[in-house]
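Undergrad: Quick one: this structure, given as structure tokens, is what I'll be asking you about.
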Amino acid sequence: MKEGLVTDPDAVGVGTPRRRQDAYAKVRGEFEYAPDLTDSRMLWGATLRSPHPHALIKRVNLDAAKQMPGVRAVLGAWDIPKNSFGMIVADTPVLADDRVRYVGEPVAIVAAEDPVLARRTVAAIEVEYEVLAAVLDPVQALDAGAVYRHVKYTHGDPAAAGEVQAEGEYVTARQDHAFLAPDAGIARPDGRGGVEIIGAAQWVHADRPQIAAALGLPEEMVLVRNSGVGGSFGGRVSIIWQLHGALLALHTGRPVKFLYTREETMLARYHRHPSRIWLRHHATRDGRLVKLEAKILLEDGPYEHASGAGIGNSCSMIQGPYSIPNASVEGWSVATNNGMCGSMRGFGVVEPMFACESNMDNLARILGMDGAELRRINAIQRGDRWIFNQLQDRPTPTHPVMTTAAAMPLPDEAKTRHPVDRPGGVASPARPEYVRRGVGFAAAAKNVCLSEGAQVNSTAMVCLRDGEAVIECAAAEVGQGFVNAAVQIAQSTLGVTKVRIGGVATDMAPAATTDGQQQTMTSGPAVDRAAAAVKAQFLRFYGREYGVDPTDLDIAQDYVVDRAGRRLKSVAEAGMGLVFRATERFDQRPTRPLDERDNPDPVHVTLDFSANRCVVDVDVELGLVKVVQMDVAQDVGRVVNPIAAHGQICGGSVMGMGLALMENLHAEGGHLLNTDFSTYLIPTSVDVPVINTRFVEEPEPGISYGIKGMAELPHVQSPPAVLSALRAATGRALPVAPATAEMLAGVVDSDQSMTLVDVGRDERRGPWRVPGETRRSGPWFDRESQERH
Amino acid sequence: MSDSERVTYTLTVNGADRRVEDAWYFETLLEVLRNRLGLTGTKFACGTGQCGACTVHIDGLPVNACLELAALDEGRQITTIEGYSPSDGSLTPLQEAIVTCVDVQCGYCVPGMVMSAAALVAEQPGASAEDVREGLCGNLCRCTAYGGFVEAVRQVAADGSAS
């Protein structure tokens with residue numbers, strides 16, 4: 001909550017809290033999301049899913065299913081022209097063929113006249129499995145050499161040692177995106193042998209080639225159109241139902257709708273990687289970091305998909321926002337049968353930042369230093385070199401974010417608590433005498449834009465007619481606010497207030513994916529350039545028409561103005577009904593793979609920084625927690641819309657708090673146990689703290705208006721901040737996120753010493769054995785799919 | 001398919017009688033509203049009564065439509081977001097407060113949030129921010145941190161009119 005921050009329906013341009021125009025339809029229930037799509041002739045799709053984490057498919061009998069009432073198609077792997085797809089590596093089957101590799105893997109699909117009939121048909125499919133041993137533990141996977149990507153590098157002198165060393169092993173859980181709108185949409189035949197797919201996407205231009213290849217069609221015969229997207233957080237890269245819907249639509253000649261249940265949404269899609277990270281920080285006695293040693297293990301699912309990018313992010317960002325002269329880093333992304341893993345807000349960075357910051361707490365304790373001060377004296381500065389051999393050549397406001405967060409006012413200590421503010425919430429059994437307050441601090445860095453050689457660019461068209469501008473850009477609006485940001489940018493650049501933006505489909509020029517906090521700083525400059533080109537066209541026309549030098553003209557608030565700012569004529573009138581149009585492309589600077597250390601290109605396009613001073617109340621008897629307040633200062637380049645930026649920081653911080661305290665999609669024997677919202681808990685209005693935000697604005701060079709991506713960093717910074725505060729309150733080491741009540745309970749009468757708590761059934765500690773031969777074969781993003789198991 | 005599984009009945013939705021023909025007897029109110037009556041403003045998100053996205057009013061009380069057997073709702077007054085929203089396309093004071101205080105992100109929770117909040121304001125005029133946080137804890141939002149919603153509802157509760 002921020003005092004007095006409200007949307008303004010009349011605000012215009014960059015830097016204002018302009019109200020989103022889709023807010024009206026959303027608040028009236030009229031905004032159409034993917035699950036709302038309908039077609040009078042449509043069939044309903046349903047999916048038969050594997051009940052086993054690993055099994056051979058011995059026999060499939062479809063006879064009974066094909067005779068069910070209302071059924072129009074029953075398809076299996078044999079019906080698919082090319083049975084594999086994937087975002088970076090195309091190794092995921094569209095439908096399992098002879099083998100299933102995770103619980104929930106699609107085995108067969110049906111289309112029927114009614115959703116109930118479709119699900120009954122699925123139940124009538126007979127499959128005989130031969131259950132095989134499954135890999136359920138990432139360390140076991142590493143031992144077996146089931147490695148998708150192995151990263152290893154050193155920086156400076158790997159033999160350097162510090163007088164003081166802090167070592168720890170840290171674990172983070174599997175987190176689900178838990179966006180509210182389930183995976184859904186409609187695929188329909190286009191009448192010319194092709195197919196149109198309408199659903200929720202974050203990058204239609206990456207979906208299309210995968211879908212076309214699987215269908216055996218040229219890309220031109222597949223149109224992917226974005227619907228209203230009910231949340232994404234990195235989870236809409238999944239295109240499972242889209243492939244199934246397209247197959248069924250082509251097979252039946254009718255539109256087919258899929259609407260996943262919440263359980264299917266959890267089973268069918270990937271999650272944030274569970275991680276185990278071992279770290280050793282070396283420092284001088286006065287707290288200067290000397291060296292970082294790290295071993296990072298990310299659990300990935302049975303298919304590679306986009307895993308390589310995650311471990312690449314982890315192995316670079318493990319450094320945190322600090323300057324460290326020497327390092328030795330190694331990481332693995334490994335295959336298990338515990339379900340799919342992939343991109344989620346802060347992809348591959350939430351995990352190492354939790355480990356890095358937790359171990360910085362540990363180092364501060366060993367040194368007897370204040371954690372915020374330890375971070376401040378080691379903060380990376382412009383001109384420093386990252387351990388992945390990249391010069392930090394962009395604005396680096398690490399000190400401003402740290403000092404700003406640390407200086408924000410603390411909440412009252414002795415405030416009388418309303419029941420919702422007690423640890424455990426309403427009806428909590430917490431007794432006031434056992435409630436202890438803890439104040440923690442964390443800083444964070446996150447790469448902005450896709451890294452390691454991924455091409456990041458967007459194209460946008462701007463069209464001006466009768467004083468109104470229309471933007472066309474295929475950048476997905478998933479809730480983050482790009483549509484509003486794009487309009488604000490066009491308003492500022494073009495000088496007109498009436499600006500609209502159209503929808504997103506693959507028949508438009510490609511735009512960047514809504515991923516890696518890159519959309520506004522990539523598509524935004526494309527919009528800015530197109531708007532600037534249109535403005536130049538318009539003023540040239542005006543100058544010729546009225547015999548004025550165009551360089552003496554400008555457009556402001558819908559009027560052509562002269563150098564003195566006097567209004568000459570309205571844009572609407574002066575345009576004489578003509579159309580002024582321009583299309584421009586913007587490319588982020590190229591990046592290079594992590595292991596090409598001599599390549600002068602950077603690994604990451606740019607990085608952003610934040611700090612969070614977090615206050616918690618913990619019932620140290622029962623382990624119940626109330627996060628009281630978060631004070632967040634973030635490097636944002638330049639704010640396009642302050643209420644939207646504030647909203648991203650709050651939302652991301654609370655999502656990170658979910659991982660810190662409660663979110664853990666448990667895998668037991670290869671089965672995900674908590675696939676609904678009564679068992680997979682996400683923060684409610686009772687759980688949330690007061691969140692105070694401060695923006696540190698140092699414009700990003702080379703980017704229109706100095707914009708810098710900002711939406712993932714809050715999620716990255718929040719889990720270690722919460723855990724840091726919990727450590728302060730309990731005196732425990734707390735190496736695991738989420739820190740649940742059983743890890744926090746029973747602190748009463750402790751001697752304040754930091755003691756390791758049990759991390760669960762797995763007692764193994766320390767660096768893992770380095771596996772033998774891995775399947776690495778050249779740059780990871782060029783790799784062909786490989787057989788496994 | 002068995003005829004004994006099919007039922008026909010009439011629901012009173014947003015003040016009008018709506019015939020539901022040949023539906024499965026086990027269909028939830030949410031499924032009937034969305035799939036048979038075309039009222040998709042009420043959102044499907046969890047299907048198990050945990051997220052509040054499908055909140056409607058039945059006889060003035062907020063209910064998770066995904067837990068409600070539609071066939072048992074004959075004779076009750078059902079109000080959905082479509083019926084709550086002014087028919088001239090404008091906003092109620094509560095809706096106006098929400099678009100003012102919240103930078104609506106994905107917005108999928110918003111119709112359910114509006115319906116829960118409307119019931120809360122009617123039941124607890126003058127509710128404090130803490131009361132509102134407790135009252136809205138059955139409505140999950142994954143994008144925001146609830147802060148704007150709480151402030152909007154508190155303001156409307158203080159003013160004493162939600163619709």
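Every chain in the structure tokens has a letter given in the order shown (A, B, ...), and although residue numbers restart at 1 in each chain, ligands are simply numbered from 1 in the order shown.
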I'd like the neighbourhood of Phe482 in chain A as JSON, numbers by chain, where a residue qualifies if any of its atoms comes within 10 Å (using only C-alpha atoms), though same-chain residues fewer than 5 positions away should be ignored.
TA: {"A": [20, 475, 476, 477, 487, 488, 514, 519, 520, 521, 523, 524, 644]}
Undergrad: Keeping only N, CA and C atoms, write the selected residues to a file as an mmCIF file, in the first residue's frame.
TA:
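Written out: part-v5.cif:
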```cif
data_model
loop_
_atom_site.group_PDB
_atom_site.id
_atom_site.type_symbol
_atom_site.label_atom_id
_atom_site.label_comp_id
_atom_site.auth_asym_id
_atom_site.auth_seq_id
_atom_site.Cartn_x
_atom_site.Cartn_y
_atom_site.Cartn_z
ATOM 1 N N ARG A 20 -4.935 2.208 -16.826
ATOM 2 C CA ARG A 20 -5.014 1.231 -17.916
ATOM 3 C C ARG A 20 -6.414 1.233 -18.490
ATOM 4 N N ALA A 475 3.822 -7.690 -28.905
ATOM 5 C CA ALA A 475 4.317 -7.925 -27.548
ATOM 6 C C ALA A 475 3.146 -8.346 -26.670
ATOM 7 N N ALA A 476 3.268 -9.481 -26.004
ATOM 8 C CA ALA A 476 2.146 -10.017 -25.235
ATOM 9 C C ALA A 476 1.909 -9.203 -23.964
ATOM 10 N N GLU A 477 0.655 -8.806 -23.795
ATOM 11 C CA GLU A 477 0.220 -8.212 -22.530
ATOM 12 C C GLU A 477 -0.303 -9.359 -21.677
ATOM 13 N N VAL A 487 1.314 2.851 -24.941
ATOM 14 C CA VAL A 487 0.500 4.033 -25.238
ATOM 15 C C VAL A 487 1.164 5.284 -24.657
ATOM 16 N N GLN A 488 1.662 5.185 -23.437
ATOM 17 C CA GLN A 488 2.301 6.342 -22.801
ATOM 18 C C GLN A 488 3.540 6.784 -23.576
ATOM 19 N N THR A 514 7.455 -11.850 -23.606
ATOM 20 C CA THR A 514 7.236 -11.235 -22.301
ATOM 21 C C THR A 514 7.924 -12.122 -21.276
ATOM 22 N N GLN A 519 10.248 -6.806 -21.819
ATOM 23 C CA GLN A 519 9.278 -6.385 -22.821
ATOM 24 C C GLN A 519 9.225 -4.867 -23.002
ATOM 25 N N THR A 520 9.021 -4.134 -21.899
ATOM 26 C CA THR A 520 8.856 -2.686 -22.029
ATOM 27 C C THR A 520 10.143 -2.029 -22.527
ATOM 28 N N MET A 521 11.313 -2.550 -22.113
ATOM 29 C CA MET A 521 12.564 -1.908 -22.559
ATOM 30 C C MET A 521 12.991 -2.383 -23.951
ATOM 31 N N SER A 523 10.233 -3.640 -26.592
ATOM 32 C CA SER A 523 9.161 -3.193 -27.478
ATOM 33 C C SER A 523 8.883 -1.704 -27.304
ATOM 34 N N GLY A 524 9.145 -1.194 -26.109
ATOM 35 C CA GLY A 524 8.957 0.245 -25.868
ATOM 36 C C GLY A 524 9.792 1.088 -26.825
ATOM 37 N N ALA A 644 2.030 1.439 -11.860
ATOM 38 C CA ALA A 644 2.317 0.119 -12.433
ATOM 39 C C ALA A 644 3.630 -0.425 -11.883
#
```
Undergrad: Quick one: which chain B residues come within 7 Å of chain A, and what is the nearest atom pair for each with the distance in Å to one decimal, counting only C-alpha atoms, rows ordered by chain and ascending number, as JSON lines?
TA:
```
{"residue": "B:Met1", "atom": "CA", "partner": "A:Pro69", "partner_atom": "CA", "distance": 6.7}
{"residue": "B:Thr40", "atom": "CA", "partner": "A:Asp36", "partner_atom": "CA", "distance": 5.7}
{"residue": "B:Gly41", "atom": "CA", "partner": "A:Gly29", "partner_atom": "CA", "distance": 4.1}
{"residue": "B:Ala45", "atom": "CA", "partner": "A:Leu180", "partner_atom": "CA", "distance": 5.4}
{"residue": "B:Cys46", "atom": "CA", "partner": "A:Arg262", "partner_atom": "CA", "distance": 5.2}
{"residue": "B:Gln50", "atom": "CA", "partner": "A:Phe677", "partner_atom": "CA", "distance": 5.8}
{"residue": "B:Ile81", "atom": "CA", "partner": "A:Gly29", "partner_atom": "CA", "distance": 6.0}
{"residue": "B:Glu82", "atom": "CA", "partner": "A:Gly29", "partner_atom": "CA", "distance": 6.6}
{"residue": "B:Ser85", "atom": "CA", "partner": "A:Arg28", "partner_atom": "CA", "distance": 5.8}
{"residue": "B:Gln95", "atom": "CA", "partner": "A:Val27", "partner_atom": "CA", "distance": 6.2}
{"residue": "B:Val99", "atom": "CA", "partner": "A:Ala23", "partner_atom": "CA", "distance": 6.1}
{"residue": "B:Thr100", "atom": "CA", "partner": "A:Thr7", "partner_atom": "CA", "distance": 5.0}
{"residue": "B:Cys101", "atom": "CA", "partner": "A:Val6", "partner_atom": "CA", "distance": 4.9}
{"residue": "B:Asp103", "atom": "CA", "partner": "A:Ala644", "partner_atom": "CA", "distance": 5.8}
{"residue": "B:Val104", "atom": "CA", "partner": "A:Ala23", "partner_atom": "CA", "distance": 5.9}
{"residue": "B:Gln105", "atom": "CA", "partner": "A:Gly479", "partner_atom": "CA", "distance": 4.3}
{"residue": "B:Cys106", "atom": "CA", "partner": "A:Gly479", "partner_atom": "CA", "distance": 3.7}
{"residue": "B:Gly107", "atom": "CA", "partner": "A:Lys26", "partner_atom": "CA", "distance": 5.7}
{"residue": "B:Tyr108", "atom": "CA", "partner": "A:Gly230", "partner_atom": "CA", "distance": 5.3}
{"residue": "B:Val110", "atom": "CA", "partner": "A:Val27", "partner_atom": "CA", "distance": 5.8}
{"residue": "B:Pro111", "atom": "CA", "partner": "A:Gly29", "partner_atom": "CA", "distance": 5.3}
{"residue": "B:Glu130", "atom": "CA", "partner": "A:Val420", "partner_atom": "CA", "distance": 6.4}
{"residue": "B:Arg133", "atom": "CA", "partner": "A:Ser685", "partner_atom": "CA", "distance": 5.1}
{"residue": "B:Glu134", "atom": "CA", "partner": "A:Val686", "partner_atom": "CA", "distance": 5.9}
{"residue": "B:Leu136", "atom": "CA", "partner": "A:Ser685", "partner_atom": "CA", "distance": 6.5}
{"residue": "B:Cys137", "atom": "CA", "partner": "A:Ser685", "partner_atom": "CA", "distance": 5.0}
{"residue": "B:Leu140", "atom": "CA", "partner": "A:Thr684", "partner_atom": "CA", "distance": 5.9}
{"residue": "B:Arg142", "atom": "CA", "partner": "A:Phe179", "partner_atom": "CA", "distance": 6.1}
{"residue": "B:Cys143", "atom": "CA", "partner": "A:Gly651", "partner_atom": "CA", "distance": 5.2}
{"residue": "B:Thr144", "atom": "CA", "partner": "A:Gly651", "partner_atom": "CA", "distance": 4.2}
{"residue": "B:Ala145", "atom": "CA", "partner": "A:Gly651", "partner_atom": "CA", "distance": 4.9}
{"residue": "B:Tyr146", "atom": "CA", "partner": "A:Ser685", "partner_atom": "CA", "distance": 5.8}
{"residue": "B:Gly147", "atom": "CA", "partner": "A:Met1", "partner_atom": "CA", "distance": 4.6}
{"residue": "B:Gly148", "atom": "CA", "partner": "A:Met1", "partner_atom": "CA", "distance": 6.5}
```
Undergrad: With distances taken over only C-alpha atoms, which residue among B:Ser90, B:Cys141, B:Leu61, B:Glu21 lies nearest Leu120 in chain B?
TA: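 When distances to Leu120 in chain B are compared using only C-alpha atoms, the smallest one comes from B:Leu61.
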Undergrad: May I have the residues within 8 Å of range 73-90 of chain A as a count of residues only, using only C-alpha atoms and disregarding those fewer than 5 positions away in the same chain?
TA: 31
Undergrad: Tell me, as a list in words, which residues lie within 12 Å of Ser4 in chain B, counting only C-alpha atoms; anything in the same chain fewer than 6 positions away does not count.
TA: Asp22, Ala23, Trp24, Tyr25 and Phe26 of chain B
Undergrad: Range 414-490 of chain A: which residues are helix (DSSP H, G or I) by DSSP, as JSON, numbers by chain?
TA: {"A": [419, 420, 421, 432, 433, 434, 482, 483, 484, 485, 486, 487, 488, 489, 490]}
Undergrad: Please report the interatomic distance between CA of Gly60 in chain B and CA of Met113 in chain B in Å with one decimal.
TA: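 Going from CA of Gly60 in chain B over to CA of Met113 in chain B covers 15.3 Å.
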Undergrad: Check the smallest atom-to-atom distance from each of A:Val127, A:Met743, A:Ala160, A:Met353 to Ala327 in chain A using only C-alpha atoms, then report the winner.
TA: A:Ala160
Undergrad: Just give me the gap between CA of Asn61 in chain A and CA of Trp241 in chain A in Å, one decimal is fine.
TA: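 Between these atoms lies a distance of 22.5 Å.
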Undergrad: For Thr396 in chain A, which of A:Pro321, A:Pro593, A:Gly235, A:Gly194 is the closest residue, counting only C-alpha atoms?
TA: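 Comparing A:Pro321, A:Pro593, A:Gly235, A:Gly194 against Thr396 in chain A, the winner is A:Pro321.
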Undergrad: Suppose you want the space between CA of Pro720 in chain A and CA of Gln517 in chain A; what is it in Å?
TA: 19.9 Å
Undergrad: Skipping near chain neighbours, those fewer than 5 positions away, what residues fall within 10 Å of Ser128 in chain B using only C-alpha atoms, listed as number ranges by chain?
TA: B: 133-134, 150-151, 153-155, 157-158
Undergrad: Could you pull out the residues in range 31-82 of chain B that DSSP calls strand (DSSP E) from the backbone, as a ChimeraX atom specification?
TA: /B:55-58,61-64,77-79
Undergrad: Would you save the residues of that selection, restricted to C-alpha atoms, as a PDB file, in the first residue's frame?
TA:
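Written out: part_33.pdb:
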```pdb
ATOM      1  CA  THR B  55     -17.987 -15.355  -6.506  1.00  0.00           C
ATOM      2  CA  VAL B  56     -21.647 -14.560  -7.238  1.00  0.00           C
ATOM      3  CA  HIS B  57     -24.462 -13.466  -4.965  1.00  0.00           C
ATOM      4  CA  ILE B  58     -27.260 -15.886  -4.151  1.00  0.00           C
ATOM      5  CA  LEU B  61     -24.922 -13.519  -0.048  1.00  0.00           C
ATOM      6  CA  PRO B  62     -21.523 -14.171  -1.654  1.00  0.00           C
ATOM      7  CA  VAL B  63     -21.065 -17.761  -2.806  1.00  0.00           C
ATOM      8  CA  ASN B  64     -18.378 -19.661  -4.715  1.00  0.00           C
ATOM      9  CA  GLN B  77     -31.983 -14.730  -6.830  1.00  0.00           C
ATOM     10  CA  ILE B  78     -28.606 -15.143  -8.511  1.00  0.00           C
ATOM     11  CA  THR B  79     -26.576 -12.026  -9.260  1.00  0.00           C
TER      12      THR B  79
END
```
Undergrad: Can you pull out the residues contacting Leu665 in chain A? Cut-off 8 Å, using only C-alpha atoms, and skip same-chain residues under 2 positions away; I want them as a count of residues only.
TA: 11
Undergrad: Would you mind listing what lies within 8 Å of Gln392 in chain A as a PyMOL selection string, with only C-alpha atoms counted and same-chain residues fewer than 4 positions away left out?
TA: chain A and resi 381-386+396
